[in-house]
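S.K.: Enclosed is the structure file target-v6.csv (CSV, C-alpha atoms and all ligand atoms).
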chain,number,residue,atom,x,y,z
E,1,MET,CA,0.0,0.0,0.0
E,2,ILE,CA,1.3,3.4,-0.9
E,3,THR,CA,2.3,5.6,2.0
E,4,PRO,CA,0.5,8.9,2.5
E,5,LEU,CA,3.8,10.6,1.6
E,6,LEU,CA,4.6,9.9,-2.1
E,7,PRO,CA,7.5,7.5,-1.8
E,8,THR,CA,9.9,9.2,-4.3
E,9,TYR,CA,12.8,9.4,-1.8
E,10,ALA,CA,15.0,6.6,-0.4
E,11,ARG,CA,15.1,8.2,3.1
E,12,ALA,CA,17.3,7.2,6.0
E,13,ASP,CA,15.2,6.2,9.0
E,14,LEU,CA,16.1,9.3,10.9
E,15,ALA,CA,14.3,12.5,11.7
E,16,PHE,CA,15.6,15.7,13.3
E,17,ASP,CA,14.2,17.8,16.1
E,18,ARG,CA,16.4,20.8,16.0
E,19,GLY,CA,19.8,22.2,14.9
E,20,GLU,CA,22.5,24.1,16.6
E,21,GLY,CA,25.1,25.5,14.2
E,22,PRO,CA,26.8,22.6,12.4
E,23,TYR,CA,25.0,20.0,14.6
E,24,LEU,CA,21.7,18.3,14.2
E,25,ILE,CA,19.8,16.7,17.1
E,26,ALA,CA,17.6,13.7,16.1
E,27,THR,CA,14.2,13.1,17.6
E,28,THR,CA,15.9,10.3,19.5
E,29,GLY,CA,18.2,12.8,21.1
E,30,GLU,CA,21.3,11.6,19.1
E,31,ARG,CA,23.6,14.3,18.0
E,32,PHE,CA,25.1,14.5,14.4
E,33,LEU,CA,27.8,16.6,12.9
E,34,ASP,CA,26.1,17.8,9.7
E,35,PHE,CA,28.5,17.6,6.8
E,36,ALA,CA,25.5,17.1,4.5
E,37,GLY,CA,24.3,20.6,5.2
E,38,GLY,CA,20.9,20.0,3.7
E,39,ILE,CA,22.8,19.3,0.4
E,40,ALA,CA,24.9,22.4,0.4
E,41,VAL,CA,22.0,24.6,1.6
E,42,ASN,CA,22.6,25.4,5.3
E,43,ILE,CA,25.8,27.4,4.7
E,44,LEU,CA,25.4,29.3,8.0
E,45,GLY,CA,24.5,26.1,9.9
E,46,HIS,CA,21.2,25.6,11.7
E,47,ALA,CA,19.3,28.2,13.7
E,48,HIS,CA,21.8,31.0,12.9
E,49,PRO,CA,20.7,33.9,15.2
E,50,HIS,CA,20.9,36.6,12.5
E,51,LEU,CA,18.7,34.5,10.1
E,52,VAL,CA,16.2,33.6,12.7
E,53,ALA,CA,15.9,37.2,13.8
E,54,ALA,CA,15.4,38.3,10.1
E,55,LEU,CA,12.7,35.7,9.5
E,56,ASP,CA,10.9,36.4,12.7
E,57,ALA,CA,10.8,40.1,12.1
E,58,GLN,CA,9.5,39.7,8.6
E,59,ALA,CA,7.0,37.0,9.6
E,60,ALA,CA,5.4,39.4,12.1
E,61,LYS,CA,5.0,42.1,9.4
E,62,LEU,CA,4.1,40.6,6.0
E,63,TRP,CA,4.4,37.2,4.3
E,64,HIS,CA,3.2,37.6,0.8
E,65,THR,CA,1.9,40.2,-1.6
E,66,SER,CA,2.7,38.6,-5.1
E,67,ASN,CA,4.6,40.3,-7.9
E,68,LEU,CA,1.6,42.5,-8.8
E,69,TYR,CA,3.4,45.1,-6.5
E,70,ARG,CA,6.9,46.2,-5.7
E,71,VAL,CA,8.6,44.0,-3.1
E,72,PRO,CA,11.3,46.2,-1.3
E,73,GLY,CA,13.2,43.1,-0.1
E,74,GLN,CA,13.6,41.9,-3.7
E,75,GLU,CA,14.9,45.3,-4.9
E,76,ARG,CA,17.4,45.4,-2.1
E,77,LEU,CA,18.6,41.8,-2.6
E,78,ALA,CA,18.8,42.3,-6.3
E,79,GLU,CA,20.9,45.5,-5.9
E,80,ARG,CA,23.2,43.7,-3.5
E,81,LEU,CA,23.7,40.7,-5.8
E,82,VAL,CA,24.3,43.0,-8.7
E,83,ALA,CA,26.9,44.9,-6.7
E,84,ALA,CA,28.6,41.7,-5.7
E,85,THR,CA,28.7,39.9,-9.1
E,86,PHE,CA,29.0,40.2,-12.9
E,87,ALA,CA,25.2,40.6,-13.1
E,88,ASP,CA,23.1,43.6,-14.0
E,89,THR,CA,19.7,42.1,-13.2
E,90,VAL,CA,18.1,39.3,-11.1
E,91,PHE,CA,14.9,37.2,-11.2
E,92,PHE,CA,13.8,35.5,-8.1
E,93,GLY,CA,12.2,32.0,-7.9
E,94,ASN,CA,11.8,29.4,-5.2
E,95,SER,CA,14.2,26.6,-6.1
E,96,GLY,CA,17.2,25.6,-8.1
E,97,ALA,CA,15.3,24.0,-10.9
E,98,GLU,CA,13.3,27.2,-11.4
E,99,ALA,CA,16.5,29.3,-11.5
E,100,VAL,CA,17.8,27.0,-14.2
E,101,GLU,CA,14.4,27.1,-16.1
E,102,CYS,CA,14.6,30.9,-16.1
E,103,SER,CA,18.2,30.7,-17.3
E,104,ILE,CA,17.2,28.4,-20.2
E,105,LYS,CA,14.3,30.5,-21.2
E,106,MET,CA,16.4,33.6,-21.0
E,107,ALA,CA,19.2,32.1,-23.2
E,108,ARG,CA,16.6,31.2,-25.8
E,109,LYS,CA,14.8,34.5,-25.7
E,110,TYR,CA,18.1,36.4,-26.1
E,111,HIS,CA,18.6,35.0,-29.6
E,112,ALA,CA,14.9,35.1,-30.5
E,113,ALA,CA,14.8,38.8,-29.6
E,114,ARG,CA,17.8,39.3,-31.9
E,115,GLY,CA,15.9,37.7,-34.8
E,116,GLU,CA,17.5,34.2,-34.4
E,117,PRO,CA,14.7,32.1,-32.9
E,118,GLU,CA,16.2,29.0,-34.3
E,119,ARG,CA,19.1,29.4,-31.9
E,120,TYR,CA,17.4,27.7,-28.9
E,121,ARG,CA,19.7,24.7,-28.2
E,122,LEU,CA,22.0,24.5,-25.2
E,123,ILE,CA,25.0,22.3,-24.9
E,124,THR,CA,25.3,20.4,-21.6
E,125,VAL,CA,27.8,18.0,-20.2
E,126,GLU,CA,27.4,14.3,-19.4
E,127,GLY,CA,27.0,13.8,-15.6
E,128,ALA,CA,25.3,17.2,-15.2
E,129,PHE,CA,22.5,17.9,-12.8
E,130,HIS,CA,20.3,20.9,-13.2
E,131,GLY,CA,17.1,19.9,-11.4
E,132,ARG,CA,14.0,17.8,-11.8
E,133,THR,CA,11.5,19.7,-13.9
E,134,LEU,CA,10.9,18.5,-17.4
E,135,ALA,CA,13.3,20.9,-19.0
E,136,THR,CA,16.0,20.5,-16.4
E,137,ILE,CA,16.0,16.7,-16.5
E,138,ALA,CA,16.4,17.1,-20.3
E,139,ALA,CA,19.3,19.5,-19.7
E,140,GLY,CA,20.9,17.1,-17.2
E,141,GLY,CA,20.4,14.2,-19.6
E,142,GLN,CA,20.6,11.5,-17.0
E,143,LYS,CA,18.6,8.4,-18.1
E,144,LYS,CA,17.5,7.6,-14.6
E,145,TYR,CA,15.7,10.9,-14.2
E,146,LEU,CA,14.3,10.9,-17.8
E,147,GLU,CA,12.9,7.4,-18.0
E,148,GLY,CA,9.1,7.1,-18.1
E,149,PHE,CA,8.3,10.8,-18.3
E,150,GLY,CA,7.5,11.0,-22.0
E,151,PRO,CA,9.4,12.7,-24.7
E,152,LYS,CA,12.5,14.5,-23.5
E,153,VAL,CA,12.2,18.3,-23.8
E,154,ASP,CA,14.0,19.2,-27.0
E,155,GLY,CA,16.8,21.6,-27.2
E,156,PHE,CA,19.7,20.1,-25.3
E,157,ASP,CA,22.9,18.6,-26.8
E,158,GLN,CA,25.0,16.6,-24.4
E,159,VAL,CA,28.7,16.1,-24.8
E,160,PRO,CA,31.1,13.8,-22.9
E,161,PHE,CA,32.7,15.2,-19.7
E,162,GLY,CA,35.8,17.3,-20.3
E,163,ASP,CA,35.9,16.5,-24.1
E,164,HIS,CA,36.6,20.0,-25.5
E,165,ALA,CA,36.8,18.8,-29.1
E,166,ALA,CA,33.3,17.2,-28.8
E,167,LEU,CA,32.0,20.4,-27.2
E,168,LYS,CA,33.4,22.6,-30.0
E,169,ALA,CA,32.0,20.2,-32.6
E,170,ALA,CA,28.5,20.4,-31.0
E,171,ILE,CA,28.3,24.2,-31.6
E,172,GLY,CA,26.0,24.8,-34.6
E,173,PRO,CA,23.7,27.3,-36.2
E,174,GLN,CA,21.0,26.4,-33.6
E,175,THR,CA,23.2,26.7,-30.5
E,176,ALA,CA,22.1,29.3,-28.0
E,177,GLY,CA,24.7,28.7,-25.4
E,178,ILE,CA,26.6,26.3,-23.0
E,179,LEU,CA,25.0,25.3,-19.7
E,180,ILE,CA,27.4,23.9,-17.2
E,181,GLU,CA,28.2,23.6,-13.5
E,182,PRO,CA,31.7,24.9,-12.7
E,183,ILE,CA,32.2,21.7,-10.6
E,184,GLN,CA,29.7,18.9,-11.1
E,185,GLY,CA,28.0,18.4,-7.7
E,186,GLU,CA,25.5,15.6,-7.9
E,187,GLY,CA,27.6,14.1,-10.6
E,188,GLY,CA,30.3,13.4,-8.0
E,189,ILE,CA,32.2,16.6,-7.3
E,190,ARG,CA,33.9,16.5,-10.7
E,191,PRO,CA,35.9,19.6,-11.5
E,192,PHE,CA,36.5,20.6,-15.1
E,193,GLY,CA,39.5,22.7,-14.2
E,194,TRP,CA,39.6,26.5,-14.4
E,195,ASP,CA,41.4,26.5,-17.8
E,196,TYR,CA,38.4,24.6,-19.3
E,197,LEU,CA,36.0,27.2,-18.0
E,198,ARG,CA,38.2,29.9,-19.6
E,199,GLU,CA,38.2,28.0,-22.9
E,200,LEU,CA,34.4,27.8,-22.7
E,201,ARG,CA,34.2,31.6,-22.2
E,202,ALA,CA,36.4,32.2,-25.2
E,203,LEU,CA,34.3,29.7,-27.3
E,204,CYS,CA,31.1,31.5,-26.4
E,205,ASP,CA,32.5,34.9,-27.3
E,206,GLU,CA,33.9,33.5,-30.6
E,207,HIS,CA,30.5,32.1,-31.6
E,208,GLY,CA,28.2,34.8,-30.1
E,209,ILE,CA,26.5,32.3,-27.8
E,210,LEU,CA,25.9,32.5,-24.1
E,211,LEU,CA,27.8,31.0,-21.2
E,212,VAL,CA,25.2,29.9,-18.6
E,213,LEU,CA,26.6,28.7,-15.3
E,214,ASP,CA,24.7,26.6,-12.8
E,215,GLU,CA,26.2,27.7,-9.5
E,216,ILE,CA,23.4,26.4,-7.4
E,217,GLN,CA,25.7,24.1,-5.5
E,218,THR,CA,29.1,25.9,-6.0
E,219,GLY,CA,27.8,29.4,-5.1
E,220,PHE,CA,27.8,31.4,-1.9
E,221,GLY,CA,31.3,30.8,-0.7
E,222,ARG,CA,31.2,27.0,-1.0
E,223,THR,CA,34.4,26.8,-3.1
E,224,GLY,CA,36.2,29.5,-1.2
E,225,LYS,CA,35.1,32.3,-3.6
E,226,LEU,CA,31.7,33.9,-3.5
E,227,PHE,CA,31.1,32.1,-6.8
E,228,ALA,CA,33.2,29.4,-8.3
E,229,HIS,CA,33.7,31.1,-11.7
E,230,GLU,CA,35.8,33.7,-9.9
E,231,TRP,CA,38.6,31.1,-9.6
E,232,ALA,CA,38.7,31.0,-13.4
E,233,GLY,CA,38.8,34.8,-13.6
E,234,ILE,CA,35.8,34.8,-16.1
E,235,THR,CA,32.2,35.8,-15.8
E,236,PRO,CA,29.1,34.1,-17.3
E,237,ASP,CA,26.3,35.8,-19.2
E,238,ILE,CA,23.6,34.1,-17.1
E,239,MET,CA,23.9,32.3,-13.7
E,240,ALA,CA,21.5,30.2,-11.7
E,241,ILE,CA,21.8,30.2,-7.9
E,242,ALA,CA,19.7,28.8,-5.1
E,243,LYS,CA,20.7,26.5,-2.2
E,244,GLY,CA,23.0,28.7,-0.1
E,245,LEU,CA,21.2,31.9,-1.0
E,246,GLY,CA,18.4,31.1,1.5
E,247,GLY,CA,20.5,29.3,4.1
E,248,GLY,CA,17.6,26.8,4.4
E,249,PHE,CA,14.7,29.0,3.3
E,250,PRO,CA,13.5,28.0,-0.2
E,251,VAL,CA,14.7,30.6,-2.8
E,252,GLY,CA,16.5,30.7,-6.1
E,253,ALA,CA,17.5,33.3,-8.6
E,254,CYS,CA,18.7,33.8,-12.1
E,255,LEU,CA,21.3,36.5,-12.6
E,256,ALA,CA,22.2,38.0,-15.9
E,257,THR,CA,24.0,40.7,-17.7
E,258,GLU,CA,21.8,43.5,-19.3
E,259,LYS,CA,22.7,42.2,-22.7
E,260,ALA,CA,21.7,38.5,-22.0
E,261,ALA,CA,18.5,39.6,-20.3
E,262,ALA,CA,17.4,41.9,-23.1
E,263,GLY,CA,14.5,39.7,-24.3
E,264,MET,CA,13.0,39.3,-20.8
E,265,THR,CA,10.4,42.1,-20.9
E,266,ALA,CA,7.2,42.5,-18.9
E,267,GLY,CA,5.0,39.4,-19.2
E,268,THR,CA,7.7,37.0,-20.5
E,269,HIS,CA,8.3,35.2,-17.2
E,270,GLY,CA,6.8,35.1,-13.7
E,271,SER,CA,6.2,33.3,-10.4
E,272,THR,CA,3.5,33.8,-7.8
E,273,PHE,CA,5.8,33.0,-4.8
E,274,GLY,CA,9.1,34.1,-6.4
E,275,GLY,CA,10.9,36.7,-4.3
E,276,ASN,CA,8.4,36.4,-1.5
E,277,PRO,CA,9.1,38.8,1.4
E,278,LEU,CA,10.0,36.0,3.8
E,279,ALA,CA,12.6,34.6,1.4
E,280,MET,CA,14.0,38.0,0.6
E,281,ALA,CA,14.4,38.9,4.3
E,282,VAL,CA,16.4,35.7,4.8
E,283,GLY,CA,18.4,36.1,1.6
E,284,ASN,CA,19.4,39.6,2.7
E,285,ALA,CA,20.4,38.3,6.1
E,286,VAL,CA,22.5,35.6,4.5
E,287,LEU,CA,24.3,38.2,2.4
E,288,ASP,CA,25.0,40.3,5.6
E,289,VAL,CA,27.2,37.5,6.7
E,290,VAL,CA,28.6,36.0,3.5
E,291,LEU,CA,29.6,39.3,1.9
E,292,LYS,CA,32.0,40.1,4.7
E,293,PRO,CA,35.5,39.5,3.3
E,294,GLU,CA,36.5,37.4,6.3
E,295,PHE,CA,33.8,34.9,5.5
E,296,VAL,CA,35.4,33.3,2.4
E,297,GLU,CA,38.8,33.7,4.0
E,298,GLN,CA,37.6,31.5,6.9
E,299,VAL,CA,36.2,29.0,4.3
E,300,ASN,CA,39.6,28.8,2.6
E,301,ARG,CA,41.4,28.4,5.9
E,302,VAL,CA,39.2,25.6,7.2
E,303,ALA,CA,39.0,23.9,3.8
E,304,ASN,CA,42.8,23.8,3.5
E,305,TYR,CA,43.0,22.1,6.9
E,306,LEU,CA,40.2,19.6,6.0
E,307,ARG,CA,41.8,18.8,2.7
E,308,GLN,CA,45.2,18.2,4.4
E,309,GLN,CA,43.6,15.9,6.9
E,310,LEU,CA,41.6,14.0,4.3
E,311,ALA,CA,44.7,13.5,2.1
E,312,MET,CA,46.3,11.7,5.1
E,313,ILE,CA,43.1,9.5,5.6
E,314,ALA,CA,43.1,8.7,1.9
E,315,ASP,CA,46.8,7.7,2.1
E,316,LYS,CA,46.1,5.5,5.0
E,317,HIS,CA,42.9,3.9,3.7
E,318,GLY,CA,43.6,3.6,0.0
E,319,ALA,CA,41.4,0.5,-0.1
E,320,ILE,CA,38.4,2.6,0.8
E,321,ILE,CA,39.1,6.1,-0.6
E,322,GLU,CA,40.6,6.4,-4.1
E,323,GLU,CA,40.7,10.2,-4.4
E,324,VAL,CA,39.8,13.4,-2.5
E,325,ARG,CA,38.6,16.1,-4.9
E,326,GLY,CA,36.7,19.4,-5.1
E,327,GLU,CA,37.4,23.0,-4.1
E,328,GLY,CA,36.9,24.7,-0.8
E,329,LEU,CA,34.2,23.1,1.4
E,330,MET,CA,32.8,21.2,-1.6
E,331,VAL,CA,34.6,17.9,-1.1
E,332,GLY,CA,34.2,14.6,-2.9
E,333,LEU,CA,35.6,11.3,-1.6
E,334,LYS,CA,35.7,9.0,-4.7
E,335,CYS,CA,35.3,5.6,-3.1
E,336,LYS,CA,36.8,2.2,-3.9
E,337,THR,CA,34.2,0.7,-1.6
E,338,THR,CA,30.5,1.3,-2.4
E,339,ASN,CA,29.8,5.0,-1.6
E,340,THR,CA,26.5,4.2,0.3
E,341,ASP,CA,28.4,1.9,2.6
E,342,LEU,CA,30.6,4.8,3.6
E,343,VAL,CA,27.7,7.2,3.9
E,344,ASN,CA,26.0,4.7,6.2
E,345,ALA,CA,29.1,3.9,8.2
E,346,LEU,CA,29.7,7.7,8.8
E,347,ARG,CA,26.1,8.2,9.8
E,348,ASP,CA,26.3,5.3,12.3
E,349,ARG,CA,29.2,7.2,13.9
E,350,GLY,CA,27.4,10.6,14.0
E,351,LEU,CA,28.6,12.2,10.7
E,352,LEU,CA,26.2,13.1,8.0
E,353,SER,CA,27.3,13.2,4.3
E,354,VAL,CA,25.7,12.9,0.9
E,355,GLY,CA,26.2,10.2,-1.8
E,356,ALA,CA,26.8,11.4,-5.3
E,357,GLY,CA,27.4,10.0,-8.8
E,358,ASP,CA,30.7,8.3,-9.8
E,359,ASN,CA,30.7,6.4,-6.5
E,360,THR,CA,31.5,9.5,-4.5
E,361,VAL,CA,30.6,10.7,-1.0
E,362,ARG,CA,30.1,14.4,-0.8
E,363,LEU,CA,31.1,16.5,2.2
E,364,LEU,CA,29.1,19.8,2.1
E,365,PRO,CA,29.4,21.2,5.6
E,366,PRO,CA,28.0,24.5,6.8
E,367,LEU,CA,30.6,27.1,5.8
E,368,ILE,CA,30.8,28.2,9.5
E,369,ILE,CA,32.7,25.1,10.7
E,370,ASP,CA,36.0,25.5,12.4
E,371,GLU,CA,39.1,23.3,12.9
E,372,THR,CA,37.5,21.6,15.9
E,373,GLN,CA,34.6,20.2,13.8
E,374,VAL,CA,37.1,19.2,11.1
E,375,ARG,CA,39.0,17.2,13.6
E,376,GLU,CA,35.8,15.6,14.8
E,377,ALA,CA,34.7,14.7,11.2
E,378,VAL,CA,38.1,13.4,10.2
E,379,GLY,CA,38.2,11.2,13.3
E,380,ILE,CA,34.9,9.7,12.3
E,381,ILE,CA,35.9,9.2,8.7
E,382,ASN,CA,39.1,7.5,9.9
E,383,ASP,CA,37.1,5.1,12.1
E,384,ALA,CA,34.5,4.4,9.4
E,385,CYS,CA,37.2,3.6,6.8
E,386,GLY,CA,39.0,1.4,9.3
E,387,ALA,CA,35.8,-0.6,10.0
E,388,LEU,CA,35.0,-0.9,6.3
E,389,ALA,CA,38.5,-2.0,5.5
E,390,TYR,CA,38.2,-4.7,8.2
E,391,GLN,CA,34.9,-6.1,6.7
E,392,PRO,CA,36.3,-8.1,3.7
E,393,ALA,CA,38.9,-9.8,6.0
E,394,LYS,CA,36.1,-10.9,8.4
E,395,ASP,CA,34.1,-12.3,5.5
E,396,ALA,CA,37.1,-14.1,4.2
E,397,ALA,CA,37.7,-15.8,7.6
E,398,LYS,CA,34.2,-17.3,7.6
E,401,LIG,C1,20.4,21.2,-6.3
E,401,LIG,C2,20.8,21.6,-7.7
E,401,LIG,C3,19.8,21.9,-8.6
E,401,LIG,C4,18.3,21.8,-8.3
E,401,LIG,O1,17.9,22.6,-7.3
E,401,LIG,P1,16.5,22.3,-6.6
E,401,LIG,O2,16.3,23.4,-5.6
E,401,LIG,O3,16.5,20.9,-6.1
E,401,LIG,O4,15.5,22.4,-7.7
E,401,LIG,C5,20.2,22.3,-9.9
E,401,LIG,N1,21.6,22.4,-10.2
E,401,LIG,C6,22.5,22.1,-9.3
E,401,LIG,C7,23.9,22.2,-9.7
E,401,LIG,C8,22.2,21.6,-8.0
E,401,LIG,O5,23.1,21.3,-7.2
Spit out the file's structure as structure tokens when you get a sec.

M.R.:
Amino acid sequence: MITPLLPTYARADLAFDRGEGPYLIATTGERFLDFAGGIAVNILGHAHPHLVAALDAQAAKLWHTSNLYRVPGQERLAERLVAATFADTVFFGNSGAEAVECSIKMARKYHAARGEPERYRLITVEGAFHGRTLATIAAGGQKKYLEGFGPKVDGFDQVPFGDHAALKAAIGPQTAGILIEPIQGEGGIRPFGWDYLRELRALCDEHGILLVLDEIQTGFGRTGKLFAHEWAGITPDIMAIAKGLGGGFPVGACLATEKAAAGMTAGTHGSTFGGNPLAMAVGNAVLDVVLKPEFVEQVNRVANYLRQQLAMIADKHGAIIEEVRGEGLMVGLKCKTTNTDLVNALRDRGLLSVGAGDNTVRLLPPLIIDETQVREAVGIINDACGALAYQPAKDAAK
């Protein structure tokens, strides 16, 4: 019999009662160090006093008015995002997938408004993840998400990971742009390298097409820069963000240059809830913290320490961990053992992590962690690897 809750998730049998910074307290009273971070969402940890105060204050005043009227919180957050990034303009939605949808529509509209409506196709990369709406599963191109949902939305051409020649060859008279995550998240923390991103920028300029970055997971300091493309020293034309922007409150946004957004005039796109006053109050509060220069400095300092410690663990437990990769506090442990075994072994020992493609375990901790929590996490990872390494020997002895 189907459960009242549609069973689309393979959930762990675990529920949480409350959070304190980088820790989660389960309904059983057990305490967990949260290196899942709500899948790269809770960048300021749980129950951050500044975010709680911002949400409380807004909740007592006004929740929702719709976009029939001006929303001051939206104007303020947009101005601040524009000041902090390449962008000239921002559209607010409620999720990552919506942010990518807006980006896709904008890229198509850009060419249509310039008299080239046939330029509607976006090149994407194998292993990508851009969300679960019909268009974003087509963009991601992963069979497991497309199967059974009817014809794939047209307009996406997928090329193999890191194959620059194939990508170049895929550009044709119908190409509107390239849609890519600077580091693949759900695909298994797979970095393309910053040179590759620079090459993509040059390619887009050469062909008059748009570079559309999905920084939903890599954004908001996760990689040690406010946005990952800053490492490459390039800027996109359009960028989708979400996850960290709300620190746990659902919100997403599509950022663009004035040129790329030129076709998006009144009536071309919209959302009832998008840019809701509650979401904007929290988004602005997140920026209060994240935009301080010492924020990303701290991320880089802690990340270096974590990476150093993980390199030692990977050396010691080569039978379990094949490679440590990623940037900043977006870390992938490419496993030799089954990644879900490691996720479970870590959870059994009080550390939350997230599985990903390419047999990888993701560590996406709140960006406010310090060296103490790194030591705690590394201790648990060491124990879990030791226990998993011991398993085959035990079986063999039977
Ligand atoms: C999470 C994620 C999305 C989808 O975001 P939702 O809020 O789940 O719709 C899209 N792209 C990337 C890179 C993501 O990490």

S.K.: Would you mind listing what lies within 10 Å of stretch 372-388 of chain E as an MDAnalysis selection string, with all atoms listed in the file counted and same-chain residues fewer than 2 positions away left out?

M.R.: chainID E and resid 22:23 33:35 302:303 305:307 309:310 312:314 316:321 337 341:352 363 365 368:370 390:393

S.K.: Using C-alpha atoms, can you write the selected residues to a file as a PDB file, keeping the file's coordinate frame?

M.R.:
ATOM      1  CA  PRO E  22      26.800  22.600  12.400  1.00  0.00           C
ATOM      2  CA  TYR E  23      25.000  20.000  14.600  1.00  0.00           C
ATOM      3  CA  LEU E  33      27.800  16.600  12.900  1.00  0.00           C
ATOM      4  CA  ASP E  34      26.100  17.800   9.700  1.00  0.00           C
ATOM      5  CA  PHE E  35      28.500  17.600   6.800  1.00  0.00           C
ATOM      6  CA  VAL E 302      39.200  25.600   7.200  1.00  0.00           C
ATOM      7  CA  ALA E 303      39.000  23.900   3.800  1.00  0.00           C
ATOM      8  CA  TYR E 305      43.000  22.100   6.900  1.00  0.00           C
ATOM      9  CA  LEU E 306      40.200  19.600   6.000  1.00  0.00           C
ATOM     10  CA  ARG E 307      41.800  18.800   2.700  1.00  0.00           C
ATOM     11  CA  GLN E 309      43.600  15.900   6.900  1.00  0.00           C
ATOM     12  CA  LEU E 310      41.600  14.000   4.300  1.00  0.00           C
ATOM     13  CA  MET E 312      46.300  11.700   5.100  1.00  0.00           C
ATOM     14  CA  ILE E 313      43.100   9.500   5.600  1.00  0.00           C
ATOM     15  CA  ALA E 314      43.100   8.700   1.900  1.00  0.00           C
ATOM     16  CA  LYS E 316      46.100   5.500   5.000  1.00  0.00           C
ATOM     17  CA  HIS E 317      42.900   3.900   3.700  1.00  0.00           C
ATOM     18  CA  GLY E 318      43.600   3.600   0.000  1.00  0.00           C
ATOM     19  CA  ALA E 319      41.400   0.500  -0.100  1.00  0.00           C
ATOM     20  CA  ILE E 320      38.400   2.600   0.800  1.00  0.00           C
ATOM     21  CA  ILE E 321      39.100   6.100  -0.600  1.00  0.00           C
ATOM     22  CA  THR E 337      34.200   0.700  -1.600  1.00  0.00           C
ATOM     23  CA  ASP E 341      28.400   1.900   2.600  1.00  0.00           C
ATOM     24  CA  LEU E 342      30.600   4.800   3.600  1.00  0.00           C
ATOM     25  CA  VAL E 343      27.700   7.200   3.900  1.00  0.00           C
ATOM     26  CA  ASN E 344      26.000   4.700   6.200  1.00  0.00           C
ATOM     27  CA  ALA E 345      29.100   3.900   8.200  1.00  0.00           C
ATOM     28  CA  LEU E 346      29.700   7.700   8.800  1.00  0.00           C
ATOM     29  CA  ARG E 347      26.100   8.200   9.800  1.00  0.00           C
ATOM     30  CA  ASP E 348      26.300   5.300  12.300  1.00  0.00           C
ATOM     31  CA  ARG E 349      29.200   7.200  13.900  1.00  0.00           C
ATOM     32  CA  GLY E 350      27.400  10.600  14.000  1.00  0.00           C
ATOM     33  CA  LEU E 351      28.600  12.200  10.700  1.00  0.00           C
ATOM     34  CA  LEU E 352      26.200  13.100   8.000  1.00  0.00           C
ATOM     35  CA  LEU E 363      31.100  16.500   2.200  1.00  0.00           C
ATOM     36  CA  PRO E 365      29.400  21.200   5.600  1.00  0.00           C
ATOM     37  CA  ILE E 368      30.800  28.200   9.500  1.00  0.00           C
ATOM     38  CA  ILE E 369      32.700  25.100  10.700  1.00  0.00           C
ATOM     39  CA  ASP E 370      36.000  25.500  12.400  1.00  0.00           C
ATOM     40  CA  TYR E 390      38.200  -4.700   8.200  1.00  0.00           C
ATOM     41  CA  GLN E 391      34.900  -6.100   6.700  1.00  0.00           C
ATOM     42  CA  PRO E 392      36.300  -8.100   3.700  1.00  0.00           C
ATOM     43  CA  ALA E 393      38.900  -9.800   6.000  1.00  0.00           C
TER      44      ALA E 393
END

S.K.: What is the distance between atom CA of E:Ala47 and atom CA of E:Gly21, in Å to one decimal?

M.R.: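 If I compute the distance from atom CA of E:Ala47 to atom CA of E:Gly21, I get 6.4 Å.
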
S.K.: Find the residues of chain E that sit at most 8 Å from ligand LIG 401 (chain E); for each, write down the nearest two atoms and how far apart they are in Å, to one decimal. Count all atoms listed in the file. Sort by chain, then by number going up, and give it as a tab-separated table.

M.R.:
residue	atom	partner	partner_atom	distance
E:Ile39	CA	E:LIG401	C1	7.4
E:Ala40	CA	E:LIG401	O5	7.9
E:Asn94	CA	E:LIG401	O2	7.5
E:Ser95	CA	E:LIG401	O2	3.9
E:Gly96	CA	E:LIG401	O1	3.2
E:Ala97	CA	E:LIG401	O4	3.6
E:Glu98	CA	E:LIG401	O4	6.4
E:Ala99	CA	E:LIG401	O4	7.9
E:Val100	CA	E:LIG401	C5	6.8
E:Ala128	CA	E:LIG401	C7	7.6
E:Phe129	CA	E:LIG401	N1	5.3
E:His130	CA	E:LIG401	C5	3.6
E:Gly131	CA	E:LIG401	C4	3.8
E:Arg132	CA	E:LIG401	O4	6.3
E:Thr133	CA	E:LIG401	O4	7.9
E:Thr136	CA	E:LIG401	C5	7.9
E:Glu181	CA	E:LIG401	C7	5.9
E:Gln184	CA	E:LIG401	C7	6.8
E:Gly185	CA	E:LIG401	O5	5.7
E:Glu186	CA	E:LIG401	O5	6.2
E:Asp214	CA	E:LIG401	C7	5.4
E:Glu215	CA	E:LIG401	C7	6.0
E:Ile216	CA	E:LIG401	C6	4.8
E:Gln217	CA	E:LIG401	O5	4.2
E:Thr218	CA	E:LIG401	C7	7.4
E:Ala240	CA	E:LIG401	N1	7.9
E:Ala242	CA	E:LIG401	O2	6.4
E:Lys243	CA	E:LIG401	O2	6.4
E:Pro250	CA	E:LIG401	O2	7.6
E:Val251	CA	E:LIG401	O2	7.9
E:Gly252	CA	E:LIG401	O2	7.3

S.K.: Rounded to one decimal place, report the atom CA of E:Met239-atom CA of E:Gln298 distance in Å.

M.R.: 24.8 Å

S.K.: Residues within 10 Å of stretch 72-80 of chain E, please, as a list in words. Count all atoms listed in the file; anything in the same chain fewer than 5 positions from it doesn't count.

M.R.: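 Result of the neighbour search: Thr85, Ala87, Asp88, Thr89, Val90, Phe91, Phe92, Ala253, Leu255, Gly274, Gly275, Asn276, Pro277, Leu278, Ala279, Met280, Ala281, Val282, Gly283, Asn284, Ala285, Leu287, Asp288 and Leu291 of chain E.
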
S.K.: One decimal, in Å: what's the spacing between atom CA of E:Leu200 and atom CA of E:Ala107?

M.R.: 15.8 Å
